$ cat target.txt   # compact mmCIF, C-alpha atoms
# COMPACT_ATOMS: atom_id res chain seq x y z
CA ALA A 4 66.02 120.85 103.82
CA GLN A 5 63.59 122.38 101.35
CA GLY A 6 61.66 119.21 100.55
CA THR A 7 59.47 116.96 102.65
CA SER A 8 61.71 113.90 102.81
CA LEU A 9 65.23 112.57 102.65
CA ILE A 10 66.33 110.16 99.92
CA LEU A 11 68.36 107.11 100.81
CA LYS A 12 70.24 105.80 97.76
CA THR A 13 71.89 102.45 98.32
CA LYS A 14 73.63 99.66 96.45
CA PHE A 15 75.30 96.55 97.85
CA PHE A 16 77.24 93.54 96.62
CA SER A 17 77.00 89.93 97.70
CA GLU A 18 78.68 86.68 96.72
CA GLN A 19 75.25 85.16 96.05
CA LYS A 20 74.05 87.41 93.26
CA ARG A 21 70.64 85.79 92.78
CA LYS A 22 69.63 85.50 96.42
CA LYS A 23 67.23 88.16 97.69
CA VAL A 24 68.45 90.03 100.73
CA GLN A 25 65.97 90.90 103.47
CA GLY A 26 66.47 93.19 106.41
CA THR A 27 65.63 96.48 108.07
CA TRP A 28 66.96 100.00 107.56
CA ILE A 29 67.10 102.07 110.76
CA LEU A 30 67.93 105.78 111.09
CA THR A 31 68.66 107.07 114.60
CA SER A 32 70.77 109.66 116.39
CA PRO A 33 72.71 109.48 119.66
CA ASN A 34 71.88 113.10 120.45
CA ALA A 35 68.17 113.39 119.65
CA PRO A 36 65.04 111.30 120.14
CA GLY A 37 63.09 109.72 117.31
CA ASP A 38 63.98 107.16 114.69
CA TRP A 39 62.93 105.82 111.30
CA GLU A 40 62.62 102.17 110.45
CA VAL A 41 61.50 100.34 107.31
CA GLU A 42 61.56 96.77 106.05
CA PHE A 43 63.71 96.11 102.98
CA SER A 44 63.92 93.33 100.42
CA GLY A 45 65.98 93.31 97.23
CA TYR A 46 68.67 91.71 95.11
CA PRO A 47 72.33 92.79 95.18
CA TYR A 48 74.08 94.72 92.38
CA GLN A 49 71.10 97.09 91.97
CA PHE A 50 70.40 100.67 93.00
CA TYR A 51 67.56 101.37 95.43
CA GLU A 52 65.92 104.61 96.57
CA LEU A 53 63.99 104.93 99.82
CA GLN A 54 62.00 107.97 100.95
CA ILE A 55 62.44 109.05 104.59
CA PRO A 56 59.87 111.61 105.84
CA LEU A 57 61.51 114.60 107.50
CA SER A 58 59.10 114.31 110.40
CA GLU A 59 60.72 110.98 111.31
CA VAL A 60 64.33 112.18 111.00
CA PRO A 61 66.01 113.05 114.33
CA GLU A 62 66.88 116.74 114.61
CA SER A 63 70.62 116.27 114.98
CA ARG A 64 73.80 116.86 113.02
CA VAL A 65 74.85 113.26 113.74
CA LEU A 66 72.82 110.43 112.24
CA HIS A 67 73.35 106.69 112.55
CA LEU A 68 72.15 104.64 109.58
CA THR A 69 72.05 100.88 110.20
CA PHE A 70 71.10 97.90 108.08
CA LYS A 71 70.16 94.73 109.95
CA GLY A 72 69.95 91.70 107.69
CA ARG A 73 67.86 88.64 108.39
CA SER A 74 69.74 85.46 107.51
CA SER A 75 71.55 87.43 104.83
CA PRO A 76 75.04 86.65 103.45
CA HIS A 77 77.98 88.95 103.89
CA LEU A 78 77.23 92.28 102.18
CA ILE A 79 79.57 94.95 100.85
CA PHE A 80 78.41 98.56 100.54
CA PRO A 81 80.83 100.50 98.28
CA ARG A 82 82.10 103.67 99.92
CA SER A 83 81.36 105.89 96.91
CA VAL A 84 77.87 104.74 95.86
CA GLY A 85 76.90 102.20 98.51
CA VAL A 86 75.06 104.50 100.92
CA ARG A 87 74.08 108.10 100.22
CA LEU A 88 71.65 110.16 102.27
CA LEU A 89 70.41 113.18 100.30
CA TYR A 90 67.97 116.02 100.86
CA ASP A 91 66.36 118.59 98.61
CA ASN A 92 68.61 121.65 98.50
CA GLY A 93 67.27 123.79 95.66
CA SER A 94 66.18 123.51 92.07
CA ILE A 95 67.94 122.07 89.06
CA PHE A 96 68.18 125.62 87.66
CA LYS A 97 70.34 126.74 90.60
CA ASN A 98 72.50 123.66 90.19
CA TYR A 99 72.89 124.44 86.47
CA CYS A 100 73.96 128.01 87.29
CA TYR A 101 76.68 126.65 89.59
CA LEU A 102 77.76 124.24 86.86
CA LEU A 103 77.97 127.09 84.36
CA LEU A 104 79.97 129.24 86.81
CA PHE A 105 82.65 126.62 87.43
CA SER A 106 82.78 125.73 83.71
CA LEU A 107 83.44 129.38 82.84
CA LEU A 108 86.14 129.64 85.52
CA ASN A 109 87.82 126.52 84.20
CA MET A 110 87.58 127.87 80.65
CA ALA A 111 89.17 131.14 81.81
CA VAL A 112 92.28 129.41 83.12
CA LEU A 113 92.55 127.43 79.86
CA ILE A 114 92.37 130.67 77.86
CA ALA A 115 95.05 132.21 80.09
CA LEU A 116 97.25 129.16 79.54
CA ALA A 117 96.77 129.26 75.75
CA LEU A 118 97.53 132.99 75.56
CA SER A 119 100.64 132.63 77.71
CA LEU A 120 101.93 129.82 75.51
CA ALA A 121 101.05 131.81 72.37
CA SER A 122 103.33 134.59 73.60
CA MET A 123 106.22 132.10 73.57
CA PHE A 124 105.36 129.81 70.65
CA SER A 125 103.17 129.77 67.59
CA TYR A 126 99.38 129.62 67.85
CA ALA A 127 99.21 125.99 66.71
CA VAL A 128 101.80 124.89 69.28
CA ALA A 129 100.01 126.82 72.03
CA ILE A 130 96.69 125.10 71.27
CA PHE A 131 98.32 121.68 71.12
CA VAL A 132 100.13 122.10 74.44
CA THR A 133 96.96 123.46 76.07
CA LEU A 134 95.01 120.39 74.97
CA ILE A 135 97.72 118.09 76.33
CA VAL A 136 97.82 119.92 79.68
CA TYR A 137 94.03 119.85 79.91
CA ALA A 138 93.95 116.11 79.13
CA ILE A 139 96.50 115.44 81.88
CA GLY A 140 94.47 117.56 84.27
CA LEU A 141 91.33 115.56 83.48
CA SER A 142 93.22 112.32 84.07
CA SER A 143 94.91 113.46 87.28
CA ASN A 144 92.99 110.92 89.38
CA PHE A 145 94.39 108.10 87.26
CA PHE A 146 97.95 109.39 87.51
CA SER A 147 97.52 109.87 91.27
CA SER A 148 96.54 106.20 91.57
CA VAL A 149 99.69 105.25 89.63
CA ILE A 150 101.82 107.26 92.06
CA ARG A 151 100.04 105.62 94.99
CA ASP A 152 100.73 102.14 93.60
CA LEU A 153 104.40 102.96 93.09
CA SER A 154 104.60 104.33 96.63
CA TYR A 155 103.04 101.15 98.00
CA GLU A 156 105.65 99.06 96.21
CA GLN A 157 108.47 101.15 97.63
CA PHE A 158 106.96 101.07 101.12
CA ALA A 159 106.62 97.29 100.95
CA GLY A 160 110.29 97.00 100.11
CA ALA A 161 109.77 95.81 96.55
CA ASP A 162 112.62 96.37 94.12
CA SER A 163 110.90 99.05 92.01
CA GLY A 164 114.11 100.12 90.32
CA PHE A 165 115.43 103.41 89.05
CA PHE A 166 112.89 103.67 86.23
CA ALA A 167 109.90 103.42 88.58
CA THR A 168 111.33 106.09 90.88
CA VAL A 169 112.00 108.48 88.02
CA SER A 170 108.55 107.80 86.57
CA SER A 171 106.94 108.63 89.89
CA TRP A 172 108.71 111.97 90.13
CA VAL A 173 107.96 112.83 86.50
CA ILE A 174 104.25 112.14 87.09
CA ARG A 175 104.31 114.26 90.23
CA ALA A 176 105.89 117.14 88.31
CA GLY A 177 103.31 116.80 85.53
CA LEU A 178 100.43 116.85 88.01
CA LEU A 179 101.89 119.93 89.69
CA ILE A 180 102.12 121.78 86.38
CA THR A 181 98.55 120.87 85.44
CA LYS A 182 97.03 121.30 88.91
CA GLY A 183 95.32 124.59 88.06
CA VAL A 184 93.52 123.32 84.93
CA LYS A 185 91.89 120.34 86.65
CA PRO A 186 88.14 121.05 86.64
CA PRO A 187 86.11 120.45 89.79
CA GLU A 188 83.81 117.44 89.70
CA VAL A 189 80.69 119.54 89.11
CA ILE A 190 79.63 117.67 85.95
CA GLU A 191 79.42 114.42 87.88
CA MET A 192 77.41 116.10 90.64
CA PHE A 193 75.01 117.71 88.17
CA SER A 194 74.43 114.52 86.16
CA ASP A 195 73.95 112.56 89.40
CA GLY A 196 71.33 115.01 90.65
CA THR A 197 73.46 116.04 93.63
CA SER A 198 73.57 119.64 94.82
CA ILE A 199 76.84 121.40 93.97
CA PRO A 200 78.41 122.77 97.22
CA ILE A 201 79.62 126.08 95.84
CA LEU A 202 81.25 127.38 99.04
CA SER A 203 83.23 124.23 99.80
CA LEU A 204 84.34 123.97 96.16
CA LEU A 205 85.49 127.60 96.14
CA VAL A 206 87.49 126.98 99.32
CA GLU A 207 88.97 123.72 98.06
CA TRP A 208 89.42 124.44 94.34
CA GLY A 209 89.43 128.25 94.22
CA PRO A 210 92.88 129.10 95.68
CA GLY A 211 94.70 126.77 93.29
CA PHE A 212 92.73 128.13 90.34
CA LEU A 213 93.42 131.74 91.34
CA ILE A 214 97.16 131.28 91.93
CA TYR A 215 97.58 129.29 88.70
CA THR A 216 95.72 131.94 86.67
CA LEU A 217 97.68 134.84 88.17
CA ILE A 218 100.98 133.08 87.44
CA LEU A 219 99.94 132.51 83.81
CA ILE A 220 98.82 136.12 83.38
CA GLY A 221 102.06 137.43 84.91
CA LEU A 222 104.16 135.11 82.74
CA GLY A 223 102.32 136.12 79.57
CA ILE A 224 102.64 139.84 80.31
CA TYR A 225 106.35 139.49 81.11
CA ILE A 226 107.13 137.60 77.89
CA LEU A 227 105.10 139.97 75.70
CA THR A 228 106.75 143.01 77.31
CA LYS A 229 110.22 141.52 76.83
CA LYS A 230 109.46 140.77 73.16
CA GLU A 231 108.25 144.31 72.54
CA ILE A 232 111.34 145.77 74.23
CA ASP A 233 113.57 143.55 72.06
CA LYS A 234 111.78 144.77 68.94
CA ILE A 235 112.33 148.39 69.95
CA LEU A 236 116.00 147.80 70.68
CA GLN A 237 116.49 146.00 67.37
CA ALA A 238 114.76 148.83 65.49

$ encode --input "target.txt" --output "structure tokens"
Amino acid sequence: AQGTSLILKTKFFSEQKRKKVQGTWILTSPNAPGDWEVEFSGYPYQFYELQIPLSEVPESRVLHLTFKGRSSPHLIFPRSVGVRLLYDNGSIFKNYCYLLLFSLLNMAVLIALALSLASMFSYAVAIFVTLIVYAIGLSSNFFSSVIRDLSYEQFAGADSGFFATVSSWVIRAGLLITKGVKPPEVIEMFSDGTSIPILSLLVEWGPGFLIYTLILIGLGIYILTKKEIDKILQA
């Protein structure tokens, strides 16, 4: 940690929207001594930020964060934005450089896709298909949720029918074709002020990007070479 404190970002929901919730936040570790504790009071459906001094954070890789309410109703902390424990890991300039790097890599695979399609079709068709593939790649999370819902229906024994089964396989094929153009979620991280984990993203997103780009380059070179050979033979 490069800063002097951790940042606890939290948001919770409650059935009683206008009732103030009171309690205590506690940060401990099962493997190290020391703890941090602070009183809390606030309304649900709002974001809160709490500063935790590093001197009071247990020196351990495992931390237990607990909220103990006092006469509070049932609370729900969303998994995505309900509880986030952050620390200072560099400047915004470094984060912007990582954002620019992944944006350029994603742009490179789009250019490779457009050039490969241009070797087979006209320039206008290549641009149109590239935009469609990119749009599907951006919406891959939505299509994945559709596949998950269809799978749940089939698992539950519901009569999904032939159309639902075919639709599921068509969506799966479309996601497979557009897998390499899906950008990593670096824009969300940058706008949220969260450090971009470059190594983990390269391990998770990099192999698919590299294989997809190499396939497109090889396909484009093969088609262009075949067209040139056909022109020579025809001449």

$ atom_distance --input "target.txt" --atom1 "atom CA of A:Ser106" --atom2 "atom CA of A:Leu202"
15.5 Å

$ residues_around --input "target.txt" --residues "stretch 45-53 of chain A" --least-positions-apart "5" --cutoff "10 Å" --atoms "all atoms listed in the file" --output "list in words"
Ser8, Leu9, Ile10, Leu11, Lys12, Thr13, Lys14, Phe15, Phe16, Ser17, Glu18, Gln19, Lys20, Arg21, Lys22, Lys23, Val24, Gln25, Gly26, Trp28, Leu78, Ile79, Phe80, Val84, Gly85, Val86, Arg87 and Leu88 of chain A

$ write_last_selection --input "target.txt" --atoms "C-alpha atoms" --output "tab-separated table (two decimals), in the frame of the given file"
chain	number	residue	atom	x	y	z
A	8	SER	CA	61.71	113.90	102.81
A	9	LEU	CA	65.23	112.57	102.65
A	10	ILE	CA	66.33	110.16	99.92
A	11	LEU	CA	68.36	107.11	100.81
A	12	LYS	CA	70.24	105.80	97.76
A	13	THR	CA	71.89	102.45	98.32
A	14	LYS	CA	73.63	99.66	96.45
A	15	PHE	CA	75.30	96.55	97.85
A	16	PHE	CA	77.24	93.54	96.62
A	17	SER	CA	77.00	89.93	97.70
A	18	GLU	CA	78.68	86.68	96.72
A	19	GLN	CA	75.25	85.16	96.05
A	20	LYS	CA	74.05	87.41	93.26
A	21	ARG	CA	70.64	85.79	92.78
A	22	LYS	CA	69.63	85.50	96.42
A	23	LYS	CA	67.23	88.16	97.69
A	24	VAL	CA	68.45	90.03	100.73
A	25	GLN	CA	65.97	90.90	103.47
A	26	GLY	CA	66.47	93.19	106.41
A	28	TRP	CA	66.96	100.00	107.56
A	78	LEU	CA	77.23	92.28	102.18
A	79	ILE	CA	79.57	94.95	100.85
A	80	PHE	CA	78.41	98.56	100.54
A	84	VAL	CA	77.87	104.74	95.86
A	85	GLY	CA	76.90	102.20	98.51
A	86	VAL	CA	75.06	104.50	100.92
A	87	ARG	CA	74.08	108.10	100.22
A	88	LEU	CA	71.65	110.16	102.27

$ atom_distance --input "target.txt" --atom1 "atom CA of A:Leu116" --atom2 "atom CA of A:Ser147"
22.6 Å

$ axis_aligned_box --input "target.txt" --around "stretch 104-117 of chain A" --padding-each-side "8 Å" --output "JSON"
{"center_x": 88.6, "center_y": 129.0, "center_z": 81.6, "size_x": 33.3, "size_y": 22.5, "size_z": 27.7}

$ residues_near_point --input "target.txt" --point "(68.1, 118.5, 113.6)" --cutoff "12 Å" --atoms "all atoms listed in the file" --output "JSON, numbers by chain"
{"A": [4, 31, 32, 33, 34, 35, 36, 37, 57, 58, 59, 60, 61, 62, 63, 64, 65, 66]}

$ closest_atom_pairs --input "target.txt" --of "stretch 61-112 of chain A" --to "stretch 206-226 of chain A" --cutoff "9 Å" --atoms "only C-alpha atoms" --output "Markdown table"
| residue | atom | partner | partner_atom | distance |
| --- | --- | --- | --- | --- |
| A:Leu108 | CA | A:Phe212 | CA | 8.3 |
| A:Asn109 | CA | A:Phe212 | CA | 8.0 |
| A:Ala111 | CA | A:Thr216 | CA | 8.2 |
| A:Val112 | CA | A:Thr216 | CA | 5.6 |

$ residues_around --input "target.txt" --residues "A:Pro200" --least-positions-apart "5" --cutoff "12 Å" --atoms "all atoms listed in the file" --output "PyMOL selection string"
chain A and resi 92-93+97-98+101-102+105+187-189+192-193+205-208

$ atom_distance --input "target.txt" --atom1 "atom CA of A:Ala127" --atom2 "atom CA of A:Lys230"
19.1 Å
